[in-house]
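Let me begin by presenting the structure, written as structure tokens, before commenting on it.
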Amino acid sequence: MLLSVIVPVFNEEEVIKSFLQRITSVLDTLSFDSEILFVNDGSTDSTLDILNQLKEHDPRISIVDLSRNFGKEIAMTAGLDYCKGDAVVIIDADLQDPPELIPELVQKWQAGYDVVYAKRISRKGESALKKLTSKAFYRVIKRVSHVPIPEDTGDFRLMSRRAVNALNSLRERNRYMKGLFAWIGYSQTAVLYHRDPRYAGESKWSYLSLWDLAIEGITSFTVAPLKLSTYLGLLTATGAFIYGLWIIIKTLIYSDPVAGYPTMMVVILFLGGVQLLALGIIGEYLGRIFSESKQRPLYLVNEHHKSETVGAVKKRAKVKAKSKD
Ligand code: UDP
Ligand code: MG
């Protein structure tokens, strides 16, 4: 039995050592082998050097070094491609996801669940605005998408080999992982936890990138906005038709003199706005079709340092000692 822990890292020099300490002390309590797979997502600080140093002391560490920064979703994908475990845990490096929860995740997996996701009961150290927008987003996506994406759930989760293989077979370029996790189905369950504030360093997500992620999430899991623009168009067209009728009747009965510059402006501006909005929505989907159609690889790897189980290292040492004799 092998447990892989995937850790996407991007400029995390301040937290990596403390992270490794905490995760190893948890993994040591487990009764099976483990591998800690760091995906270096194009860090520009000393993260990679620190990882290489740490690897010298701990053969469980595996490093996949991506050729540049691809973003967390892709970094996780790379991790899932390279991991070998029978069960796989995805966890952030900044200790916002407590490693101490892993044994509980493992328990549920042993009880037969394919996906065990960690659900936040509280989030410490995050602004009210972030909590509010995040909550609103999960409510919206829940209503519009056809797959049930669990609320208040990040990427912190455990997956069985079968679930990981299923996920790896989804090679779309626009990857909204939380949606993909849900899409694969299988038996899923939640474990509750309190989310801690970031241990050190800064969040890599700005509100702009969160907005992008939200658009990504919605457009890759539902065509509801396209439908919405159809209905909006239908509604305004019906409204305009009725209003037109009313104007004709009014002119016939009361023979009103020509007036109505303001109404004209309002109608023109409104329709112009609606048309641009609809075009924009179509554009969002078109752009995604464009990037899918290019068929580029999801990421490129610079270097890959494999992990070794503690057992394998001991065995090799034994063989070496024997050959000396
Ligand atoms: N991360 C990454 N690539 C990126 C951005 C972030 O691999 O482009 C990693 C980061 O190193 C961390 C995890 O994703 O391990 C979560 O990032 P962060 O803590 O910045 O996000 P937040 O917790 O604020 O959502
Ligand atoms: Mg974080």
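Chain labels A, B, ... are given in the sequence in which chains occur in the structure tokens; within each chain residues are numbered consecutively from 1, and ligands are likewise numbered from 1 in the order shown.
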
Near region 60-76 of chain A, counting only C-alpha atoms, which residues have an atom at most 6 Å away, once you skip same-chain residues fewer than 2 positions from it, shown as a VMD selection string? chain A and resid 8 35 to 42 55 58 78 to 79 300 to 309

Just-selected residues, C-alpha atoms written as an mmCIF file, in the first residue's frame:
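Final output, saved to out25.cif:
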```
data_model
loop_
_atom_site.group_PDB
_atom_site.id
_atom_site.type_symbol
_atom_site.label_atom_id
_atom_site.label_comp_id
_atom_site.auth_asym_id
_atom_site.auth_seq_id
_atom_site.Cartn_x
_atom_site.Cartn_y
_atom_site.Cartn_z
ATOM 1 C CA PRO A 8 1.583 22.078 -5.537
ATOM 2 C CA GLU A 35 5.449 9.454 -1.067
ATOM 3 C CA ILE A 36 5.384 13.248 -0.889
ATOM 4 C CA LEU A 37 5.185 14.620 -4.396
ATOM 5 C CA PHE A 38 5.977 18.311 -4.682
ATOM 6 C CA VAL A 39 4.977 19.925 -7.955
ATOM 7 C CA ASN A 40 7.110 23.017 -8.341
ATOM 8 C CA ASP A 41 4.910 25.338 -10.350
ATOM 9 C CA GLY A 42 7.638 27.589 -11.751
ATOM 10 C CA LYS A 55 15.059 15.263 -0.812
ATOM 11 C CA ASP A 58 14.043 12.074 2.867
ATOM 12 C CA ALA A 78 0.749 17.090 -13.132
ATOM 13 C CA GLY A 79 0.907 15.695 -9.605
ATOM 14 C CA LEU A 300 5.774 20.638 -19.682
ATOM 15 C CA VAL A 301 8.098 19.100 -17.158
ATOM 16 C CA ASN A 302 11.603 20.348 -16.617
ATOM 17 C CA GLU A 303 12.839 17.601 -14.321
ATOM 18 C CA HIS A 304 11.396 14.721 -12.377
ATOM 19 C CA HIS A 305 13.061 13.278 -9.314
ATOM 20 C CA LYS A 306 11.412 10.059 -8.261
ATOM 21 C CA SER A 307 10.713 9.082 -4.708
ATOM 22 C CA GLU A 308 11.778 5.860 -3.077
ATOM 23 C CA THR A 309 10.029 4.010 -0.338
#
```

Could you give me, as a list in words, every polymer residue with an atom at most 6 Å away from an atom of ligand 2, counting only C-alpha atoms and all ligand atoms?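 Checking only C-alpha atoms and all ligand atoms against ligand 2 at 6 Å gives Asp94, Gln96, Arg198 and Ser203 of chain A.
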
So that I have them on file, write out the residues from the current selection with all heavy atoms, as a PDB file, in the first residue's frame.
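Dumped to again08.pdb:
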```pdb
ATOM      1  N   ASP A  94       0.768  25.650   2.304  1.00  0.00           N
ATOM      2  CA  ASP A  94       0.822  26.747   3.262  1.00  0.00           C
ATOM      3  C   ASP A  94       0.211  26.405   4.620  1.00  0.00           C
ATOM      4  O   ASP A  94      -0.002  27.288   5.437  1.00  0.00           O
ATOM      5  CB  ASP A  94       0.150  27.991   2.686  1.00  0.00           C
ATOM      6  CG  ASP A  94      -1.299  27.728   2.307  1.00  0.00           C
ATOM      7  OD1 ASP A  94      -1.753  26.586   2.502  1.00  0.00           O
ATOM      8  OD2 ASP A  94      -1.967  28.649   1.820  1.00  0.00           O
ATOM      9  N   GLN A  96      -2.684  25.637   5.381  1.00  0.00           N
ATOM     10  CA  GLN A  96      -4.085  26.017   5.589  1.00  0.00           C
ATOM     11  C   GLN A  96      -4.937  24.768   5.710  1.00  0.00           C
ATOM     12  O   GLN A  96      -5.992  24.776   6.331  1.00  0.00           O
ATOM     13  CB  GLN A  96      -4.584  26.880   4.434  1.00  0.00           C
ATOM     14  CG  GLN A  96      -4.143  28.314   4.545  1.00  0.00           C
ATOM     15  CD  GLN A  96      -4.955  29.216   3.648  1.00  0.00           C
ATOM     16  OE1 GLN A  96      -4.833  29.152   2.421  1.00  0.00           O
ATOM     17  NE2 GLN A  96      -5.770  30.048   4.231  1.00  0.00           N
ATOM     18  N   ARG A 198      -3.101  31.143   6.630  1.00  0.00           N
ATOM     19  CA  ARG A 198      -1.834  30.829   5.993  1.00  0.00           C
ATOM     20  C   ARG A 198      -0.708  30.906   7.011  1.00  0.00           C
ATOM     21  O   ARG A 198      -0.655  31.831   7.811  1.00  0.00           O
ATOM     22  CB  ARG A 198      -1.611  31.838   4.875  1.00  0.00           C
ATOM     23  CG  ARG A 198      -0.645  31.419   3.850  1.00  0.00           C
ATOM     24  CD  ARG A 198      -0.699  32.399   2.688  1.00  0.00           C
ATOM     25  NE  ARG A 198      -0.730  31.674   1.425  1.00  0.00           N
ATOM     26  CZ  ARG A 198       0.306  31.041   0.930  1.00  0.00           C
ATOM     27  NH1 ARG A 198       1.441  31.034   1.592  1.00  0.00           N
ATOM     28  NH2 ARG A 198       0.209  30.399  -0.205  1.00  0.00           N
ATOM     29  N   SER A 203      -1.077  34.776  -0.093  1.00  0.00           N
ATOM     30  CA  SER A 203      -1.942  34.038  -1.012  1.00  0.00           C
ATOM     31  C   SER A 203      -1.571  34.412  -2.438  1.00  0.00           C
ATOM     32  O   SER A 203      -1.273  35.552  -2.737  1.00  0.00           O
ATOM     33  CB  SER A 203      -3.400  34.384  -0.759  1.00  0.00           C
ATOM     34  OG  SER A 203      -4.182  33.849  -1.795  1.00  0.00           O
TER      35      SER A 203
END
```

Near-Lys108 (chain A) list (12 Å; only C-alpha atoms; drop same-chain fewer than 5 positions) as a list in words: Ala87, Leu101, Ile102, Pro103, Tyr113, Asp114, Val115, Val116, Tyr117, Ala118, Arg157, Leu158, Met159, Ser160, Ser187, Gln188, Thr189, Ala190 and Val191 of chain A

Restricting the output to all heavy atoms, write the selected residues as a compact mmCIF listing (two decimals), in the first residue's frame.
```txt
# COMPACT_ATOMS: atom_id res chain seq x y z
N ALA A 87 -3.67 5.40 -2.90
CA ALA A 87 -4.57 6.49 -2.49
C ALA A 87 -3.76 7.76 -2.61
O ALA A 87 -2.54 7.76 -2.43
CB ALA A 87 -5.02 6.29 -1.05
N LEU A 101 -5.35 15.92 9.46
CA LEU A 101 -6.65 15.38 9.06
C LEU A 101 -6.48 14.13 8.19
O LEU A 101 -7.43 13.36 8.00
CB LEU A 101 -7.42 16.45 8.27
CG LEU A 101 -8.94 16.32 8.20
CD1 LEU A 101 -9.54 16.58 9.56
CD2 LEU A 101 -9.51 17.30 7.19
N ILE A 102 -5.27 13.93 7.67
CA ILE A 102 -5.04 12.84 6.71
C ILE A 102 -5.45 11.46 7.24
O ILE A 102 -6.12 10.71 6.54
CB ILE A 102 -3.59 12.86 6.19
CG1 ILE A 102 -3.40 14.12 5.33
CG2 ILE A 102 -3.26 11.62 5.38
CD1 ILE A 102 -2.01 14.32 4.79
N PRO A 103 -5.06 11.11 8.50
CA PRO A 103 -5.48 9.78 8.99
C PRO A 103 -6.99 9.58 8.92
O PRO A 103 -7.46 8.48 8.61
CB PRO A 103 -4.99 9.79 10.44
CG PRO A 103 -3.86 10.74 10.46
CD PRO A 103 -4.17 11.80 9.46
N TYR A 113 -14.77 4.44 0.59
CA TYR A 113 -15.09 5.60 -0.23
C TYR A 113 -13.99 5.87 -1.25
O TYR A 113 -12.82 5.65 -0.96
CB TYR A 113 -15.30 6.84 0.64
CG TYR A 113 -16.59 6.81 1.41
CD1 TYR A 113 -16.62 6.45 2.75
CD2 TYR A 113 -17.78 7.13 0.77
CE1 TYR A 113 -17.80 6.41 3.45
CE2 TYR A 113 -18.97 7.10 1.47
CZ TYR A 113 -18.98 6.74 2.80
OH TYR A 113 -20.15 6.69 3.48
N ASP A 114 -14.38 6.34 -2.43
CA ASP A 114 -13.39 6.64 -3.47
C ASP A 114 -12.85 8.06 -3.37
O ASP A 114 -11.71 8.32 -3.69
CB ASP A 114 -14.00 6.43 -4.86
CG ASP A 114 -14.03 4.98 -5.23
OD1 ASP A 114 -12.94 4.45 -5.51
OD2 ASP A 114 -15.12 4.37 -5.20
N VAL A 115 -13.72 8.97 -2.95
CA VAL A 115 -13.28 10.36 -2.79
C VAL A 115 -13.69 10.83 -1.40
O VAL A 115 -14.85 10.73 -1.03
CB VAL A 115 -13.93 11.28 -3.85
CG1 VAL A 115 -13.49 12.71 -3.64
CG2 VAL A 115 -13.57 10.81 -5.26
N VAL A 116 -12.72 11.28 -0.63
CA VAL A 116 -13.02 11.83 0.69
C VAL A 116 -12.54 13.27 0.68
O VAL A 116 -11.35 13.53 0.65
CB VAL A 116 -12.29 11.07 1.80
CG1 VAL A 116 -12.80 11.51 3.15
CG2 VAL A 116 -12.43 9.57 1.62
N TYR A 117 -13.47 14.21 0.64
CA TYR A 117 -13.05 15.60 0.60
C TYR A 117 -13.21 16.27 1.95
O TYR A 117 -14.06 15.88 2.74
CB TYR A 117 -13.79 16.38 -0.50
CG TYR A 117 -15.30 16.32 -0.42
CD1 TYR A 117 -16.01 17.21 0.36
CD2 TYR A 117 -16.00 15.36 -1.16
CE1 TYR A 117 -17.38 17.15 0.42
CE2 TYR A 117 -17.38 15.28 -1.10
CZ TYR A 117 -18.06 16.19 -0.32
OH TYR A 117 -19.42 16.13 -0.24
N ALA A 118 -12.33 17.24 2.19
CA ALA A 118 -12.36 17.94 3.47
C ALA A 118 -13.20 19.19 3.32
O ALA A 118 -12.97 20.00 2.44
CB ALA A 118 -10.94 18.30 3.88
N ARG A 157 -8.23 16.82 -0.38
CA ARG A 157 -9.04 15.62 -0.44
C ARG A 157 -8.19 14.39 -0.64
O ARG A 157 -7.01 14.48 -0.97
CB ARG A 157 -10.04 15.71 -1.58
CG ARG A 157 -9.37 15.78 -2.94
CD ARG A 157 -10.37 16.07 -4.02
NE ARG A 157 -11.03 17.34 -3.79
CZ ARG A 157 -12.35 17.53 -3.90
NH1 ARG A 157 -13.13 16.54 -4.24
NH2 ARG A 157 -12.87 18.71 -3.69
N LEU A 158 -8.78 13.23 -0.44
CA LEU A 158 -8.12 11.96 -0.73
C LEU A 158 -8.91 11.27 -1.84
O LEU A 158 -10.13 11.33 -1.86
CB LEU A 158 -8.11 11.08 0.52
CG LEU A 158 -7.46 9.70 0.37
CD1 LEU A 158 -6.76 9.31 1.66
CD2 LEU A 158 -8.47 8.62 0.02
N MET A 159 -8.17 10.65 -2.76
CA MET A 159 -8.84 9.90 -3.83
C MET A 159 -8.24 8.53 -3.98
O MET A 159 -7.04 8.34 -3.79
CB MET A 159 -8.71 10.66 -5.15
CG MET A 159 -9.66 11.84 -5.26
SD MET A 159 -9.42 12.72 -6.78
CE MET A 159 -7.87 13.47 -6.46
N SER A 160 -9.08 7.57 -4.31
CA SER A 160 -8.59 6.22 -4.55
C SER A 160 -7.92 6.17 -5.92
O SER A 160 -8.09 7.06 -6.74
CB SER A 160 -9.75 5.24 -4.52
OG SER A 160 -10.59 5.48 -5.63
N SER A 187 -18.30 6.89 -5.05
CA SER A 187 -18.81 7.21 -3.71
C SER A 187 -17.94 8.28 -3.07
O SER A 187 -16.73 8.13 -2.98
CB SER A 187 -18.82 5.95 -2.85
OG SER A 187 -17.55 5.36 -2.86
N GLN A 188 -18.58 9.37 -2.69
CA GLN A 188 -17.83 10.49 -2.11
C GLN A 188 -18.38 10.80 -0.73
O GLN A 188 -19.56 10.65 -0.47
CB GLN A 188 -17.99 11.73 -2.99
CG GLN A 188 -17.70 11.47 -4.46
CD GLN A 188 -17.15 12.69 -5.18
OE1 GLN A 188 -17.09 13.78 -4.63
NE2 GLN A 188 -16.73 12.50 -6.42
N THR A 189 -17.49 11.26 0.14
CA THR A 189 -17.97 11.65 1.46
C THR A 189 -17.11 12.81 1.98
O THR A 189 -16.04 13.08 1.46
CB THR A 189 -17.93 10.48 2.46
OG1 THR A 189 -18.53 10.89 3.67
CG2 THR A 189 -16.53 10.01 2.72
N ALA A 190 -17.62 13.48 2.99
CA ALA A 190 -16.91 14.65 3.51
C ALA A 190 -16.37 14.41 4.91
O ALA A 190 -16.92 13.62 5.67
CB ALA A 190 -17.86 15.84 3.54
N VAL A 191 -15.28 15.07 5.22
CA VAL A 191 -14.77 15.12 6.58
C VAL A 191 -14.69 16.60 6.93
O VAL A 191 -14.20 17.39 6.14
CB VAL A 191 -13.37 14.46 6.65
CG1 VAL A 191 -12.67 14.83 7.93
CG2 VAL A 191 -13.47 12.96 6.50
```

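Secondary structure by DSSP on the backbone puts the following residues of region 133-289 of chain A in strand (DSSP E): Thr153, Gly154, Asp155, Phe156, Arg157, Leu158, Met159, Ser160, Gln188, Thr189, Ala190, Val191, Leu192, Tyr193, His194 and Arg195 of chain A.
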
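CA of Met177 (chain A) to CA of Asp155 (chain A) spans 7.7 Å [interatomic distance, one decimal].
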
Identify, on the basis of only C-alpha atoms, every residue whose closest approach to region 273-285 of chain A does not exceed 7 Å; exclude the query and any residue fewer than 4 positions from it along the same chain; express the result as a list in words. Thr219, Pro225, Leu226, Ser229, Leu269 and Ile289 of chain A

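When only C-alpha atoms are used to compute distances to Val26 (chain A), the closest of the residues A:Ile91, A:Glu100, A:Val147, A:Glu56 turns out to be A:Glu100.
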
Between CA of Ser31 (chain A) and CA of Val106 (chain A), what is the distance, to one decimal in Å? 10.8 Å

What's around Phe19 (chain A) at 12 Å? Count only C-alpha atoms, leave out sequence neighbours fewer than 4 positions away in its own chain, and write the answer as a list in words.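 Residues meeting the cut-off are Val7, Val9, Glu12, Glu13, Glu14, Val15, Ile23, Thr24, Ser25, Val26, Ile36, Phe38, Leu51, Leu54, Ile91, Asp92, Ala93, Asp94, Leu95, Gln96, Asp97, Pro98, Pro99, Glu100, Arg198, Tyr199 and Ala200 of chain A.
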
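Using only C-alpha atoms, the protein and nucleic acid residues lying no more than 12 Å from region 236-246 of chain A, apart from those fewer than 3 places from it along its own chain, are Ser229, Thr230, Tyr231, Leu232, Gly233, Ile249, Lys250, Thr251, Leu252, Ile253, Tyr254, Thr263, Met264, Val266, Val267, Ile268, Phe270, Leu271, Gly272, Gly273, Val274 and Gln275 of chain A.
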
Keeping only C-alpha atoms, write the selected residues as a PDB file, in the first residue's frame.
```pdb
ATOM      1  CA  SER A 229     -28.905  35.196 -23.082  1.00  0.00           C
ATOM      2  CA  THR A 230     -31.457  33.410 -25.286  1.00  0.00           C
ATOM      3  CA  TYR A 231     -34.199  34.021 -22.760  1.00  0.00           C
ATOM      4  CA  LEU A 232     -33.084  37.578 -22.159  1.00  0.00           C
ATOM      5  CA  GLY A 233     -33.249  38.186 -25.909  1.00  0.00           C
ATOM      6  CA  ILE A 249     -52.574  52.040 -31.203  1.00  0.00           C
ATOM      7  CA  LYS A 250     -51.802  55.213 -29.322  1.00  0.00           C
ATOM      8  CA  THR A 251     -50.954  57.041 -32.535  1.00  0.00           C
ATOM      9  CA  LEU A 252     -54.143  55.807 -34.244  1.00  0.00           C
ATOM     10  CA  ILE A 253     -56.462  56.724 -31.404  1.00  0.00           C
ATOM     11  CA  TYR A 254     -54.930  59.897 -30.030  1.00  0.00           C
ATOM     12  CA  THR A 263     -37.636  56.417 -24.767  1.00  0.00           C
ATOM     13  CA  MET A 264     -35.769  55.871 -28.019  1.00  0.00           C
ATOM     14  CA  VAL A 266     -33.325  54.092 -23.484  1.00  0.00           C
ATOM     15  CA  VAL A 267     -34.427  51.333 -25.821  1.00  0.00           C
ATOM     16  CA  ILE A 268     -31.367  51.640 -28.070  1.00  0.00           C
ATOM     17  CA  PHE A 270     -30.697  48.777 -23.457  1.00  0.00           C
ATOM     18  CA  LEU A 271     -30.743  46.617 -26.549  1.00  0.00           C
ATOM     19  CA  GLY A 272     -27.133  47.508 -27.326  1.00  0.00           C
ATOM     20  CA  GLY A 273     -26.168  46.423 -23.832  1.00  0.00           C
ATOM     21  CA  VAL A 274     -28.049  43.165 -24.049  1.00  0.00           C
ATOM     22  CA  GLN A 275     -26.481  42.360 -27.415  1.00  0.00           C
TER      23      GLN A 275
END
```

Please extract the residues of region 91-270 of chain A with a backbone DSSP assignment of alpha helix (DSSP H) and present them as an MDAnalysis selection string. chainID A and resid 102:110 128:144 161:168 177:183 207:221 224:254 261:270

Can you write just those residues out, C-alpha atoms, as a tab-separated table (two decimals), in the first residue's frame?
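Final file, selection_7.tsv:
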```tsv
chain	number	residue	atom	x	y	z
A	102	ILE	CA	-5.04	12.84	6.71
A	103	PRO	CA	-5.48	9.78	8.99
A	104	GLU	CA	-9.20	10.56	9.12
A	105	LEU	CA	-9.34	10.77	5.32
A	106	VAL	CA	-7.48	7.47	5.09
A	107	GLN	CA	-9.95	5.84	7.47
A	108	LYS	CA	-12.87	6.79	5.26
A	109	TRP	CA	-11.00	5.51	2.22
A	110	GLN	CA	-10.40	2.20	3.96
A	128	ALA	CA	-15.04	38.93	5.07
A	129	LEU	CA	-15.20	39.91	1.40
A	130	LYS	CA	-13.35	36.76	0.33
A	131	LYS	CA	-15.61	34.56	2.44
A	132	LEU	CA	-18.71	36.28	1.11
A	133	THR	CA	-17.70	36.10	-2.56
A	134	SER	CA	-16.60	32.49	-2.18
A	135	LYS	CA	-19.91	31.58	-0.58
A	136	ALA	CA	-21.89	33.37	-3.28
A	137	PHE	CA	-19.92	31.62	-6.00
A	138	TYR	CA	-20.54	28.15	-4.57
A	139	ARG	CA	-24.25	28.90	-4.31
A	140	VAL	CA	-24.38	30.04	-7.95
A	141	ILE	CA	-22.41	27.13	-9.37
A	142	LYS	CA	-24.51	24.71	-7.38
A	143	ARG	CA	-27.66	26.02	-9.02
A	144	VAL	CA	-26.41	26.16	-12.58
A	161	ARG	CA	-6.50	4.97	-7.47
A	162	ARG	CA	-9.65	4.31	-9.44
A	163	ALA	CA	-10.83	7.90	-8.96
A	164	VAL	CA	-7.40	9.27	-9.88
A	165	ASN	CA	-7.34	7.20	-13.08
A	166	ALA	CA	-10.78	8.49	-13.96
A	167	LEU	CA	-9.67	12.05	-13.35
A	168	ASN	CA	-6.51	11.55	-15.40
A	177	MET	CA	-10.62	20.86	-10.79
A	178	LYS	CA	-13.37	21.19	-8.20
A	179	GLY	CA	-15.84	20.51	-10.99
A	180	LEU	CA	-13.84	17.61	-12.40
A	181	PHE	CA	-13.55	16.04	-8.95
A	182	ALA	CA	-17.32	16.08	-8.75
A	183	TRP	CA	-17.84	14.99	-12.35
A	207	TYR	CA	-9.45	38.91	-6.71
A	208	LEU	CA	-8.89	39.11	-10.46
A	209	SER	CA	-7.56	35.54	-10.63
A	210	LEU	CA	-10.42	34.36	-8.41
A	211	TRP	CA	-12.86	36.04	-10.78
A	212	ASP	CA	-11.19	34.20	-13.68
A	213	LEU	CA	-11.45	30.92	-11.77
A	214	ALA	CA	-15.13	31.58	-11.15
A	215	ILE	CA	-15.78	32.24	-14.86
A	216	GLU	CA	-13.76	29.11	-15.68
A	217	GLY	CA	-15.83	27.09	-13.25
A	218	ILE	CA	-19.13	28.26	-14.61
A	219	THR	CA	-18.30	28.06	-18.31
A	220	SER	CA	-16.69	24.64	-18.11
A	221	PHE	CA	-19.60	23.10	-16.25
A	224	ALA	CA	-26.69	28.13	-18.54
A	225	PRO	CA	-25.32	31.60	-19.42
A	226	LEU	CA	-25.90	30.86	-23.12
A	227	LYS	CA	-29.46	29.88	-22.33
A	228	LEU	CA	-29.84	32.94	-20.17
A	229	SER	CA	-28.90	35.20	-23.08
A	230	THR	CA	-31.46	33.41	-25.29
A	231	TYR	CA	-34.20	34.02	-22.76
A	232	LEU	CA	-33.08	37.58	-22.16
A	233	GLY	CA	-33.25	38.19	-25.91
A	234	LEU	CA	-36.66	36.58	-26.09
A	235	LEU	CA	-37.92	38.67	-23.22
A	236	THR	CA	-36.71	41.99	-24.64
A	237	ALA	CA	-38.03	41.10	-28.10
A	238	THR	CA	-41.48	40.32	-26.69
A	239	GLY	CA	-41.38	43.49	-24.63
A	240	ALA	CA	-40.39	45.53	-27.67
A	241	PHE	CA	-43.16	43.97	-29.76
A	242	ILE	CA	-45.84	44.77	-27.19
A	243	TYR	CA	-44.50	48.26	-26.76
A	244	GLY	CA	-44.52	48.72	-30.55
A	245	LEU	CA	-48.17	47.67	-30.70
A	246	TRP	CA	-49.01	50.10	-27.95
A	247	ILE	CA	-47.35	52.98	-29.84
A	248	ILE	CA	-49.27	52.19	-33.03
A	249	ILE	CA	-52.57	52.04	-31.20
A	250	LYS	CA	-51.80	55.21	-29.32
A	251	THR	CA	-50.95	57.04	-32.54
A	252	LEU	CA	-54.14	55.81	-34.24
A	253	ILE	CA	-56.46	56.72	-31.40
A	254	TYR	CA	-54.93	59.90	-30.03
A	261	TYR	CA	-36.45	60.93	-27.86
A	262	PRO	CA	-35.78	59.71	-24.30
A	263	THR	CA	-37.64	56.42	-24.77
A	264	MET	CA	-35.77	55.87	-28.02
A	265	MET	CA	-32.41	56.40	-26.35
A	266	VAL	CA	-33.32	54.09	-23.48
A	267	VAL	CA	-34.43	51.33	-25.82
A	268	ILE	CA	-31.37	51.64	-28.07
A	269	LEU	CA	-28.94	51.65	-25.17
A	270	PHE	CA	-30.70	48.78	-23.46
```

Choose the residue, out of A:Leu2, A:Glu202, A:Arg175, A:Pro59, that has the smallest atom-to-atom separation from ligand 1; count only C-alpha atoms and all ligand atoms.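 Checking each of A:Leu2, A:Glu202, A:Arg175, A:Pro59 against ligand 1, counting only C-alpha atoms and all ligand atoms, the winner is A:Glu202.
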
May I ask which of the residues A:Lys204, A:His146, A:Lys315, A:Lys320 is the closest one to ligand 1, counting only C-alpha atoms and all ligand atoms?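 Nearest to ligand 1: A:Lys204.
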